[in-house]
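Below you'll find the structure, written out as structure tokens, and then a few comments.
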Amino acid sequence: MVTSVSEIILENFMSYEYARIPFKQGLNIICGPNGAGKSSILLAISVALGQAYTERSRKLSDLIRRGKDTARVSLIFDNRPVDGKRPIPFSRSDTFMLSRYLKRDGSYWYEADYREVSKSEVTRLFGRAGINPDNMLIIMHQGMVEGFSVTSPQEKLKLVEEAVGFREYREKVLSSQKKLEELVSEEGSLVQILEDAGKTAEYWKDLYDKYLLKKSLIEKRKHLERELIWANAVKLENNIRSLEQKIMNRESLLNDTQRKIEETGEAASQSRRSLDGAQTGLRKLYFSLVRLEKQTAVFESGKKIVGEIHPHLNEAVRLLQDVPLTSEGTATANKLQERIEDLRFFVQNQYTQMEEQQRLISELNEEVNAVQEEIGKSEKDVDRITNRFIDLKVEEAVLQFKRRNLQQEITEINRSLKAAKEELTAFSPQMEEAQPRIDTERTPAEVSEEIRINAAHLRTVEDVPEEAERMYTDYTTTYGELKEKLQTLSSNKEIALKEVEERKKLWRESIQRLLAEVNPLYQDVISKIGGTGIVKISDLEDVEAAGLELWIGFRGASPAVLDAYTQSGGERSVAIIAFLLSLQSSVVSPFRAVDEFDVHMDPRNREAIFRMIFQYVKETPSTQYLVITPSQLTVTDPTAHMIFVQNVRGHSEVKEVLNRI
């Protein structure tokens, strides 16, 4: 397909509301200030050609103009017949329109001449023409000049191969290598199979002896299986007898336990009655103690009062005796003397009462001590009887627990006995079948162990068929067939190896021819801006390890490999654009583009590069080029189609401009 883009239509794409951008055959230059929307045009072309990832956005929906739900990018291609054939054969029109719609929800679709098509159809259509929007040597977006400089040599070479149409050579080499690897792998497997078949054929020679051993082992197994049945029968019978004996033992223990429970219960009842009597007596003693302590308190109180009054009464008597008597008061004095005597008698009486109360208190204290001593003895009796009662109740509870356990054990043993008898009944048919009875003293485990050993020996020969001779003959025949197949496979491997070498040779020669064509052009471009350089291919003998290296040097310095650290940004830009220019005559894509390659160049180098671009475009008139630059052009060409982009009130506008010679 040899065609060109005649127009681009942008609708709600990034900063564009609606724009129709005419393109012409040859060189198209887009210029304008930063932020005007220049790079968006190349981005739109890439999106329309099938590019999913962009350098500005990870989501296509982010490319839709703010506030809009849908964006559309349309490319109008020239589809006029060339030598009687249209470039896009399924379209009968002189123009072919490809549109890509983007929705805010992330969905998208394609239309070709207003008919919906799949992305795979679009990719196949432009892939046949060599247009791959993801190859930076065909469409180099803003910033990809730097990106190419840090790309690995292997990736650089793959990009070049695809751009110049050599990708098929690499794919054929890799396909042949894969085929060869498969043959080598198959050969290795077949060699192993052949070796195994030979061993198997020898193995079958000894099968007859193993077959006789197998028969002997089978007979032995039958006898052991009968013995196992009778060993299990003996085990069941012994188990039944053991369970019956256990039941008798448990029932005897249960009777003894029941008797002990009754005896212990009676003893506990007696102890309970004794405890009740002792506690009643103790309470009576406590009541007596309280009564005595109350009486003692009353007498102590009276004694205290008398003791407090007695000194005062003695003092009053003394004071009355000291009162002087006069002649006029003889009658009064007599009365006073009488009162003194009465008071002295009262004092003496109070003193006598105090002594009596002291005697009574002493007697009460003796009674209290006696009652307290008796309480102590009663408390010990209560503690002793209580402990005895508790011990008896604990013993009774333990015996009841033991009785329940014994009852449960008897129930469980009866259940086990019933199950054992049922198992023996169910086992009877096997015992009948295994007649006559084998009186074995071995346990089932011992017989089973011998069966297991017998089975292990039998497994070593269980696959031995009776037709051992026929099997040996068959394997001998198979061995011969495998050997013949291995010879054929080895021959095919040699052919595949030769094919790999031939395709590698074709790939190497193609790369070397390309290098022979590109190197003089690359060196010529570099020399015109005061530098030296060369294009090299490393590891050319290994397709997957081979890589492309750009070497460049300026101001008399020896050329060095291009990388992100050795050269300046301007030097890297010059080297990469020089390589692109030297490659143009070999690139198969009818459309190529580069965005802002000159941002790091000084004015002199920028002018020299543009002059060379004008020259190279003239040498490939059937190719369409797009160059985007933010710089003011100091040199131009009348054949270049100039497009100016500016941003007016938030949206981008495009207009064509006339060149001045």
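Starting from 1 in every chain, residues are counted up; chains themselves are A, B, ... following the order of the structure tokens, and ligands are numbered from 1 as listed.
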inquiry  = What's around segment 18-35 of chain A at 8 Å? Count only C-alpha atoms, leave out sequence neighbours fewer than 6 positions away in its own chain, and write the answer as a VMD selection string.
reply    = chain A and resid 4 to 12 614 617 to 618 620 to 632 639 to 647 653 to 655
File dump, residues just selected, N, CA, C and O atoms, as a short mmCIF file (atom, residue, chain, number, x, y, z; two decimals), in the first residue's frame:
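Writing done, so here's part-v2.cif:
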data_model
loop_
_atom_site.label_atom_id
_atom_site.label_comp_id
_atom_site.auth_asym_id
_atom_site.auth_seq_id
_atom_site.Cartn_x
_atom_site.Cartn_y
_atom_site.Cartn_z
N SER A 4 -0.93 8.32 0.97
CA SER A 4 -0.55 9.43 1.83
C SER A 4 -1.79 10.01 2.48
O SER A 4 -2.91 9.83 1.99
N VAL A 5 -1.58 10.71 3.59
CA VAL A 5 -2.67 11.37 4.29
C VAL A 5 -2.91 12.72 3.62
O VAL A 5 -1.99 13.53 3.51
N SER A 6 -4.13 12.96 3.20
CA SER A 6 -4.44 14.24 2.56
C SER A 6 -5.08 15.21 3.54
O SER A 6 -5.03 16.43 3.33
N GLU A 7 -5.67 14.70 4.62
CA GLU A 7 -6.30 15.61 5.58
C GLU A 7 -6.51 14.88 6.91
O GLU A 7 -6.73 13.67 6.95
N ILE A 8 -6.46 15.68 7.97
CA ILE A 8 -6.75 15.18 9.32
C ILE A 8 -7.90 16.01 9.88
O ILE A 8 -7.89 17.24 9.80
N ILE A 9 -8.89 15.32 10.45
CA ILE A 9 -10.04 16.01 11.04
C ILE A 9 -10.07 15.66 12.53
O ILE A 9 -10.11 14.48 12.90
N LEU A 10 -10.04 16.70 13.37
CA LEU A 10 -10.06 16.52 14.81
C LEU A 10 -11.34 17.11 15.38
O LEU A 10 -11.68 18.26 15.10
N GLU A 11 -12.03 16.32 16.20
CA GLU A 11 -13.26 16.78 16.84
C GLU A 11 -13.19 16.47 18.33
O GLU A 11 -13.10 15.31 18.73
N ASN A 12 -13.18 17.52 19.14
CA ASN A 12 -13.13 17.40 20.61
C ASN A 12 -11.95 16.56 21.07
O ASN A 12 -12.04 15.79 22.02
N PHE A 614 15.35 18.98 4.09
CA PHE A 614 14.79 19.41 2.79
C PHE A 614 15.41 18.60 1.66
O PHE A 614 14.72 18.16 0.72
N VAL A 617 14.13 14.83 1.73
CA VAL A 617 12.73 14.73 1.31
C VAL A 617 12.63 14.76 -0.21
O VAL A 617 11.84 14.02 -0.82
N LYS A 618 13.43 15.59 -0.84
CA LYS A 618 13.41 15.67 -2.30
C LYS A 618 13.88 14.37 -2.95
O LYS A 618 13.44 14.02 -4.04
N THR A 620 13.24 11.41 -1.79
CA THR A 620 12.19 10.38 -1.63
C THR A 620 10.83 11.04 -1.81
O THR A 620 10.06 11.19 -0.85
N PRO A 621 10.51 11.44 -3.02
CA PRO A 621 9.28 12.22 -3.26
C PRO A 621 7.99 11.44 -3.00
O PRO A 621 6.95 12.04 -2.80
N SER A 622 8.03 10.11 -3.03
CA SER A 622 6.80 9.34 -2.83
C SER A 622 6.46 9.13 -1.36
O SER A 622 5.46 8.50 -1.04
N THR A 623 7.27 9.68 -0.48
CA THR A 623 7.06 9.50 0.96
C THR A 623 6.51 10.79 1.57
O THR A 623 6.85 11.89 1.15
N GLN A 624 5.66 10.64 2.55
CA GLN A 624 5.06 11.78 3.25
C GLN A 624 5.73 11.93 4.61
O GLN A 624 5.82 10.98 5.39
N TYR A 625 6.21 13.15 4.90
CA TYR A 625 6.92 13.43 6.14
C TYR A 625 6.16 14.47 6.95
O TYR A 625 5.52 15.36 6.39
N LEU A 626 6.28 14.34 8.27
CA LEU A 626 5.73 15.34 9.17
C LEU A 626 6.80 15.68 10.20
O LEU A 626 7.32 14.81 10.89
N VAL A 627 7.13 16.99 10.25
CA VAL A 627 8.11 17.47 11.21
C VAL A 627 7.44 18.54 12.07
O VAL A 627 6.81 19.46 11.54
N ILE A 628 7.54 18.40 13.39
CA ILE A 628 6.96 19.36 14.32
C ILE A 628 8.09 20.07 15.05
O ILE A 628 9.01 19.42 15.57
N THR A 629 8.05 21.41 15.08
CA THR A 629 9.10 22.18 15.74
C THR A 629 8.50 23.39 16.44
O THR A 629 7.58 24.03 15.93
N PRO A 630 8.99 23.69 17.64
CA PRO A 630 8.54 24.90 18.32
C PRO A 630 9.38 26.12 17.95
O PRO A 630 9.10 27.23 18.39
N SER A 631 10.43 25.90 17.14
CA SER A 631 11.40 26.95 16.85
C SER A 631 10.98 27.78 15.64
O SER A 631 10.22 27.33 14.77
N GLN A 632 11.52 28.97 15.61
CA GLN A 632 11.33 29.83 14.44
C GLN A 632 12.28 29.36 13.35
O GLN A 632 13.50 29.31 13.55
N THR A 639 9.02 23.82 -1.40
CA THR A 639 8.21 22.60 -1.56
C THR A 639 7.60 22.14 -0.25
O THR A 639 6.76 21.25 -0.23
N ALA A 640 8.06 22.70 0.88
CA ALA A 640 7.55 22.28 2.19
C ALA A 640 6.17 22.88 2.44
O ALA A 640 5.92 24.05 2.13
N HIS A 641 5.29 22.07 2.99
CA HIS A 641 3.94 22.52 3.34
C HIS A 641 3.96 22.96 4.80
O HIS A 641 4.12 22.16 5.72
N MET A 642 3.77 24.28 5.03
CA MET A 642 3.88 24.86 6.35
C MET A 642 2.50 24.96 7.00
O MET A 642 1.55 25.43 6.39
N ILE A 643 2.43 24.51 8.24
CA ILE A 643 1.18 24.57 9.01
C ILE A 643 1.50 25.27 10.33
O ILE A 643 2.43 24.88 11.04
N PHE A 644 0.70 26.29 10.67
CA PHE A 644 0.92 27.05 11.89
C PHE A 644 -0.23 26.76 12.87
O PHE A 644 -1.40 26.79 12.49
N VAL A 645 0.12 26.48 14.14
CA VAL A 645 -0.86 26.16 15.17
C VAL A 645 -0.76 27.20 16.29
O VAL A 645 0.34 27.55 16.71
N GLN A 646 -1.91 27.69 16.72
CA GLN A 646 -1.93 28.61 17.85
C GLN A 646 -3.15 28.30 18.72
O GLN A 646 -4.13 27.71 18.26
N ASN A 647 -3.05 28.70 19.96
CA ASN A 647 -4.15 28.47 20.91
C ASN A 647 -4.89 29.78 21.12
O ASN A 647 -4.30 30.78 21.57
N GLU A 653 -6.15 26.29 16.97
CA GLU A 653 -6.57 26.60 15.61
C GLU A 653 -5.39 26.39 14.67
O GLU A 653 -4.23 26.57 15.05
N VAL A 654 -5.69 26.00 13.44
CA VAL A 654 -4.66 25.64 12.45
C VAL A 654 -4.86 26.47 11.20
O VAL A 654 -5.99 26.72 10.77
N LYS A 655 -3.74 26.92 10.64
CA LYS A 655 -3.84 27.58 9.33
C LYS A 655 -2.57 27.30 8.54
O LYS A 655 -1.49 27.10 9.09
#
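Residues in contact with segment 226-228 of chain A at 6 Å, where only C-alpha atoms are counted and same-chain residues fewer than 2 positions away are skipped, are listed as His223, Leu224, Trp230, Ala231, Ala434, Pro444 and Val447 of chain A.
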Go ahead and save the picked residues with N, CA, C and O atoms, as a PDB file, in the first residue's frame.
ATOM      1  N   HIS A 223      -3.661 -69.021  50.555  1.00  0.00           N
ATOM      2  CA  HIS A 223      -3.581 -69.675  51.864  1.00  0.00           C
ATOM      3  C   HIS A 223      -3.550 -68.636  52.985  1.00  0.00           C
ATOM      4  O   HIS A 223      -4.234 -68.795  54.019  1.00  0.00           O
ATOM      5  N   LEU A 224      -2.780 -67.566  52.801  1.00  0.00           N
ATOM      6  CA  LEU A 224      -2.677 -66.526  53.828  1.00  0.00           C
ATOM      7  C   LEU A 224      -4.007 -65.812  54.029  1.00  0.00           C
ATOM      8  O   LEU A 224      -4.364 -65.437  55.154  1.00  0.00           O
ATOM      9  N   TRP A 230      -9.495 -66.982  59.548  1.00  0.00           N
ATOM     10  CA  TRP A 230      -9.608 -67.747  60.792  1.00  0.00           C
ATOM     11  C   TRP A 230      -8.906 -67.039  61.949  1.00  0.00           C
ATOM     12  O   TRP A 230      -9.334 -67.152  63.107  1.00  0.00           O
ATOM     13  N   ALA A 231      -7.841 -66.272  61.658  1.00  0.00           N
ATOM     14  CA  ALA A 231      -7.189 -65.489  62.718  1.00  0.00           C
ATOM     15  C   ALA A 231      -8.145 -64.412  63.230  1.00  0.00           C
ATOM     16  O   ALA A 231      -8.231 -64.153  64.444  1.00  0.00           O
ATOM     17  N   ALA A 434     -14.065 -70.251  53.957  1.00  0.00           N
ATOM     18  CA  ALA A 434     -12.646 -70.536  54.197  1.00  0.00           C
ATOM     19  C   ALA A 434     -12.418 -71.915  54.813  1.00  0.00           C
ATOM     20  O   ALA A 434     -11.320 -72.202  55.311  1.00  0.00           O
ATOM     21  N   PRO A 444      -4.127 -61.614  63.620  1.00  0.00           N
ATOM     22  CA  PRO A 444      -4.421 -61.074  62.276  1.00  0.00           C
ATOM     23  C   PRO A 444      -3.339 -60.112  61.787  1.00  0.00           C
ATOM     24  O   PRO A 444      -3.036 -60.075  60.590  1.00  0.00           O
ATOM     25  N   VAL A 447      -0.479 -62.159  60.393  1.00  0.00           N
ATOM     26  CA  VAL A 447      -0.832 -62.730  59.083  1.00  0.00           C
ATOM     27  C   VAL A 447      -0.888 -61.619  58.031  1.00  0.00           C
ATOM     28  O   VAL A 447      -0.423 -61.789  56.899  1.00  0.00           O
TER      29      VAL A 447
END
Which of segment 431-594 of chain A DSSP labels strand (DSSP E or B), written as a ChimeraX atom specification = /A:531-538,547-554,560-561,591-594
message = as a PyMOL selection string, please: the residues near segment 202-211 of chain A (cut-off 12 Å, only C-alpha atoms, same-chain neighbours under 6 positions excluded).
response = chain A and resi 195-196+217-218+457-476+479
Keeping only N, CA, C and O atoms, write the selected residues to a file as a short mmCIF file (atom, residue, chain, number, x, y, z; two decimals), in the first residue's frame.
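And here's result.cif as it stands now:
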data_model
loop_
_atom_site.label_atom_id
_atom_site.label_comp_id
_atom_site.auth_asym_id
_atom_site.auth_seq_id
_atom_site.Cartn_x
_atom_site.Cartn_y
_atom_site.Cartn_z
N GLU A 195 16.43 -46.08 24.24
CA GLU A 195 17.21 -46.74 25.28
C GLU A 195 16.28 -47.54 26.21
O GLU A 195 16.59 -48.68 26.58
N ASP A 196 15.15 -46.93 26.54
CA ASP A 196 14.19 -47.62 27.40
C ASP A 196 13.61 -48.86 26.71
O ASP A 196 13.40 -49.91 27.35
N LEU A 217 3.46 -67.20 44.33
CA LEU A 217 3.06 -66.15 45.27
C LEU A 217 1.54 -66.05 45.37
O LEU A 217 1.00 -65.78 46.45
N ILE A 218 0.85 -66.26 44.26
CA ILE A 218 -0.62 -66.20 44.26
C ILE A 218 -1.20 -67.32 45.12
O ILE A 218 -2.14 -67.11 45.89
N HIS A 457 6.08 -58.57 47.12
CA HIS A 457 6.78 -59.44 46.16
C HIS A 457 5.93 -59.62 44.91
O HIS A 457 6.46 -59.62 43.78
N LEU A 458 4.62 -59.77 45.12
CA LEU A 458 3.74 -60.01 43.98
C LEU A 458 3.66 -58.80 43.07
O LEU A 458 3.54 -58.94 41.84
N ARG A 459 3.75 -57.57 43.69
CA ARG A 459 3.70 -56.35 42.86
C ARG A 459 4.87 -56.28 41.90
O ARG A 459 4.78 -55.65 40.84
N THR A 460 5.97 -56.88 42.28
CA THR A 460 7.14 -56.82 41.39
C THR A 460 6.94 -57.67 40.14
O THR A 460 7.67 -57.49 39.15
N VAL A 461 5.97 -58.59 40.19
CA VAL A 461 5.75 -59.46 39.03
C VAL A 461 4.30 -59.48 38.58
O VAL A 461 3.92 -60.29 37.72
N GLU A 462 3.47 -58.60 39.16
CA GLU A 462 2.03 -58.66 38.86
C GLU A 462 1.72 -58.31 37.40
O GLU A 462 0.68 -58.70 36.87
N ASP A 463 2.59 -57.51 36.76
CA ASP A 463 2.34 -57.13 35.37
C ASP A 463 2.88 -58.14 34.37
O ASP A 463 2.82 -57.90 33.16
N VAL A 464 3.42 -59.23 34.84
CA VAL A 464 3.99 -60.22 33.92
C VAL A 464 2.85 -60.97 33.22
O VAL A 464 2.05 -61.65 33.88
N PRO A 465 2.74 -60.85 31.90
CA PRO A 465 1.68 -61.58 31.18
C PRO A 465 2.13 -63.01 30.87
O PRO A 465 3.32 -63.34 30.94
N GLU A 466 1.18 -63.83 30.49
CA GLU A 466 1.53 -65.21 30.13
C GLU A 466 2.24 -65.27 28.79
O GLU A 466 3.03 -66.18 28.54
N GLU A 467 1.93 -64.30 27.91
CA GLU A 467 2.54 -64.32 26.58
C GLU A 467 3.86 -63.55 26.59
O GLU A 467 4.08 -62.62 25.80
N ALA A 468 4.79 -63.90 27.48
CA ALA A 468 6.07 -63.20 27.61
C ALA A 468 6.88 -63.25 26.32
O ALA A 468 7.50 -62.25 25.92
N GLU A 469 6.85 -64.41 25.62
CA GLU A 469 7.64 -64.53 24.38
C GLU A 469 7.13 -63.56 23.32
O GLU A 469 7.91 -62.89 22.65
N ARG A 470 5.80 -63.46 23.18
CA ARG A 470 5.23 -62.54 22.18
C ARG A 470 5.55 -61.08 22.53
O ARG A 470 5.88 -60.28 21.65
N MET A 471 5.49 -60.76 23.81
CA MET A 471 5.81 -59.40 24.22
C MET A 471 7.26 -59.06 23.91
O MET A 471 7.56 -57.95 23.45
N TYR A 472 8.15 -60.01 24.10
CA TYR A 472 9.56 -59.76 23.79
C TYR A 472 9.74 -59.51 22.30
O TYR A 472 10.47 -58.60 21.89
N THR A 473 9.04 -60.33 21.48
CA THR A 473 9.13 -60.15 20.02
C THR A 473 8.59 -58.77 19.62
O THR A 473 9.19 -58.07 18.79
N ASP A 474 7.47 -58.38 20.21
CA ASP A 474 6.88 -57.08 19.88
C ASP A 474 7.83 -55.94 20.22
O ASP A 474 7.99 -54.99 19.44
N TYR A 475 8.45 -56.00 21.38
CA TYR A 475 9.35 -54.93 21.78
C TYR A 475 10.60 -54.89 20.90
O TYR A 475 11.15 -53.82 20.65
N THR A 476 11.05 -56.06 20.46
CA THR A 476 12.21 -56.07 19.56
C THR A 476 11.86 -55.36 18.26
O THR A 476 12.67 -54.58 17.72
N TYR A 479 11.66 -51.63 18.89
CA TYR A 479 13.00 -51.07 19.01
C TYR A 479 13.59 -50.76 17.63
O TYR A 479 14.19 -49.70 17.42
#
query = Could you pull the residues within 12 Å of Leu417 of chain A, counting only C-alpha atoms, minus those fewer than 6 positions along the same chain, as an MDAnalysis selection string?
reply = chainID A and resid 236:247 409:411 423:424
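Distances from A:Leu392, A:Ser527, A:Glu450, A:Lys485 to Glu266 of chain A were compared using only C-alpha atoms, and the smallest one belongs to A:Leu392.
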query = Taking into account only C-alpha atoms, which residue in the set A:Leu43, A:Met612, A:Ala546, A:Leu489 is nearest to Val191 of chain A?
reply =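 Nearest to Val191 of chain A: A:Leu489.
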message = Set the distance at 10 Å and use only C-alpha atoms: which residues neighbour Lys119 of chain A once local chain neighbours fewer than 2 positions away are removed? I'd like the list as a PyMOL selection string.
response = chain A and resi 48-51+100+108-111+116-117+121-125
For Arg115 of chain A: contacts at 10 Å, only C-alpha atoms, fewer than 5 positions along chain excluded, given as an NGL selection string = :A and (97-99 or 110)
Write out, as a PDB file, in the first residue's frame, the residues just selected, with N, CA and C atoms.
ATOM      1  N   MET A  97     -11.409   7.193   4.213  1.00  0.00           N
ATOM      2  CA  MET A  97     -11.437   7.849   5.520  1.00  0.00           C
ATOM      3  C   MET A  97     -11.445   6.793   6.633  1.00  0.00           C
ATOM      4  N   LEU A  98     -10.492   6.919   7.542  1.00  0.00           N
ATOM      5  CA  LEU A  98     -10.422   6.066   8.724  1.00  0.00           C
ATOM      6  C   LEU A  98     -10.673   6.939   9.946  1.00  0.00           C
ATOM      7  N   SER A  99     -11.656   6.560  10.758  1.00  0.00           N
ATOM      8  CA  SER A  99     -11.998   7.340  11.954  1.00  0.00           C
ATOM      9  C   SER A  99     -11.895   6.459  13.187  1.00  0.00           C
ATOM     10  N   TYR A 110     -13.665   1.850  15.624  1.00  0.00           N
ATOM     11  CA  TYR A 110     -13.136   2.365  14.358  1.00  0.00           C
ATOM     12  C   TYR A 110     -14.232   2.352  13.295  1.00  0.00           C
TER      13      TYR A 110
END
inquiry  = Applying 7 Å and only C-alpha atoms, which residues near segment 296-300 of chain A remain after dropping the ones on its own chain fewer than 5 positions away? List them as a list in words.
reply    =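 The residues satisfying every condition are Gln357, Ile361 and Leu364 of chain A.
Between atom CA of Gln407 of chain A and atom CA of Asp256 of chain A there is a distance of 12.7 Å.
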key: All helix (DSSP H, G or I) residues (DSSP, backbone) inside segment 72-300 of chain A, as a ChimeraX atom specification   = /A:119-128,144-150,153-164,167-300
key: Between atom CA of Ile193 of chain A and atom CA of Thr477 of chain A, distance in Å (one decimal)   = 13.8 Å
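Note that atom CA of Leu486 of chain A and atom CA of Leu190 of chain A are 6.6 Å apart.
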ask   = Taking only C-alpha atoms into account, which of A:Gly569, A:Gly165, A:Gly480, A:Pro429 comes nearest Trp507 of chain A?
value =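 For Trp507 of chain A, the nearest of the candidates is A:Gly165.
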